[in-house]
Amino acid sequence: MSAININKNNFQNEVMNSDKPVLLDFWAPWCAPCRMVAPTVEEIASERVDIKVGKINVDEQPELANKFGIMSIPTLVVMKNGKIVQRVSGVRSKNTILEML
C-alpha cells in the first residue's frame, strides 16, 4: 500500500477513526529535506500492512498544519487511537522512523 494524501475532508476518517497506528508526514514540495525523507516514508508504507501512512502537504492543508502546531518540515507524527504518541522534525533514518512506530 502507498501513502494516503490526507486533507481536512478525509482526516477524521483516515486518521482519527483509524484502527491502526498512523504515521503522518507533514511536508511541502519545495522542501528539500522533505524530498529526502519521502522515499523512506513511501517504503515504509509499502512494507507495513499493520500501520497506515499519510502525507499532509502543509501548503495545501494549512488548517491541519496549524492543528498540529507544525513549525518546521518535515515533521513526522505517530498517532494511535486519535492521540499523538510520537513526534519528530527533520530527516530521520528508516530505523529511527520504525522505532517510533
# chains A, B, ... in the order shown; residues from 1 in each chain; ligands from 1
call {"tool": "residues_around", "arguments": {"residues": "region 52-62 of chain A", "least_positions_apart": "4", "cutoff": "7 Å", "atoms": "only C-alpha atoms", "output": "PyMOL selection string"}}
result
chain A and resi 3-8+20-28+45+66
call {"tool": "write_last_selection", "arguments": {"atoms": "C-alpha atoms", "output": "compact mmCIF listing (two decimals), in the first residue's frame"}}
result
# COMPACT_ATOMS: atom_id res chain seq x y z
CA ALA A 3 0.89 6.61 1.49
CA ILE A 4 -2.51 8.30 1.56
CA ASN A 5 -2.85 12.02 0.85
CA ILE A 6 -4.54 13.39 3.96
CA ASN A 7 -6.66 16.55 3.82
CA LYS A 8 -9.21 18.23 6.03
CA LYS A 20 -4.22 1.08 13.04
CA PRO A 21 -1.41 3.40 14.16
CA VAL A 22 -0.95 6.25 11.67
CA LEU A 23 2.36 7.76 10.57
CA LEU A 24 1.80 11.30 9.30
CA ASP A 25 4.39 13.05 7.16
CA PHE A 26 3.95 16.84 7.12
CA TRP A 27 5.77 18.11 4.02
CA ALA A 28 5.82 20.59 1.12
CA ALA A 45 4.02 2.50 3.59
CA ASN A 66 -1.94 24.65 12.45
call {"tool": "select_by_dssp", "arguments": {"residues": "chain A", "states": "strand (DSSP E or B)", "output": "PyMOL selection string"}}
result
chain A and resi 4-5+22-27+52-57+75-80+83-89
call {"tool": "select_by_dssp", "arguments": {"residues": "chain A", "states": "alpha helix (DSSP H)", "output": "PyMOL selection string"}}
result
chain A and resi 11+32-47+62-67+94-100
call {"tool": "closest_atom_pairs", "arguments": {"of": "region 28-61 of chain A", "to": "region 78-92 of chain A", "cutoff": "10 Å", "atoms": "only C-alpha atoms", "output": "JSON lines"}}
result
{"residue": "A:Ala32", "atom": "CA", "partner": "A:Val91", "partner_atom": "CA", "distance": 9.9}
{"residue": "A:Pro33", "atom": "CA", "partner": "A:Val91", "partner_atom": "CA", "distance": 6.1}
{"residue": "A:Cys34", "atom": "CA", "partner": "A:Val91", "partner_atom": "CA", "distance": 7.3}
{"residue": "A:Arg35", "atom": "CA", "partner": "A:Val91", "partner_atom": "CA", "distance": 9.4}
{"residue": "A:Met36", "atom": "CA", "partner": "A:Val91", "partner_atom": "CA", "distance": 7.1}
{"residue": "A:Val37", "atom": "CA", "partner": "A:Val91", "partner_atom": "CA", "distance": 5.8}
{"residue": "A:Ala38", "atom": "CA", "partner": "A:Val91", "partner_atom": "CA", "distance": 9.4}
{"residue": "A:Thr40", "atom": "CA", "partner": "A:Arg92", "partner_atom": "CA", "distance": 8.9}
{"residue": "A:Val41", "atom": "CA", "partner": "A:Arg92", "partner_atom": "CA", "distance": 9.9}
{"residue": "A:Ile51", "atom": "CA", "partner": "A:Lys80", "partner_atom": "CA", "distance": 9.8}
{"residue": "A:Lys52", "atom": "CA", "partner": "A:Met79", "partner_atom": "CA", "distance": 9.8}
{"residue": "A:Val53", "atom": "CA", "partner": "A:Val78", "partner_atom": "CA", "distance": 9.2}
call {"tool": "atom_distance", "arguments": {"atom1": "CA of Ile70 (chain A)", "atom2": "CA of Glu47 (chain A)"}}
result
26.8 Å
call {"tool": "atom_distance", "arguments": {"atom1": "CA of Val49 (chain A)", "atom2": "CA of Asn13 (chain A)"}}
result
17.7 Å
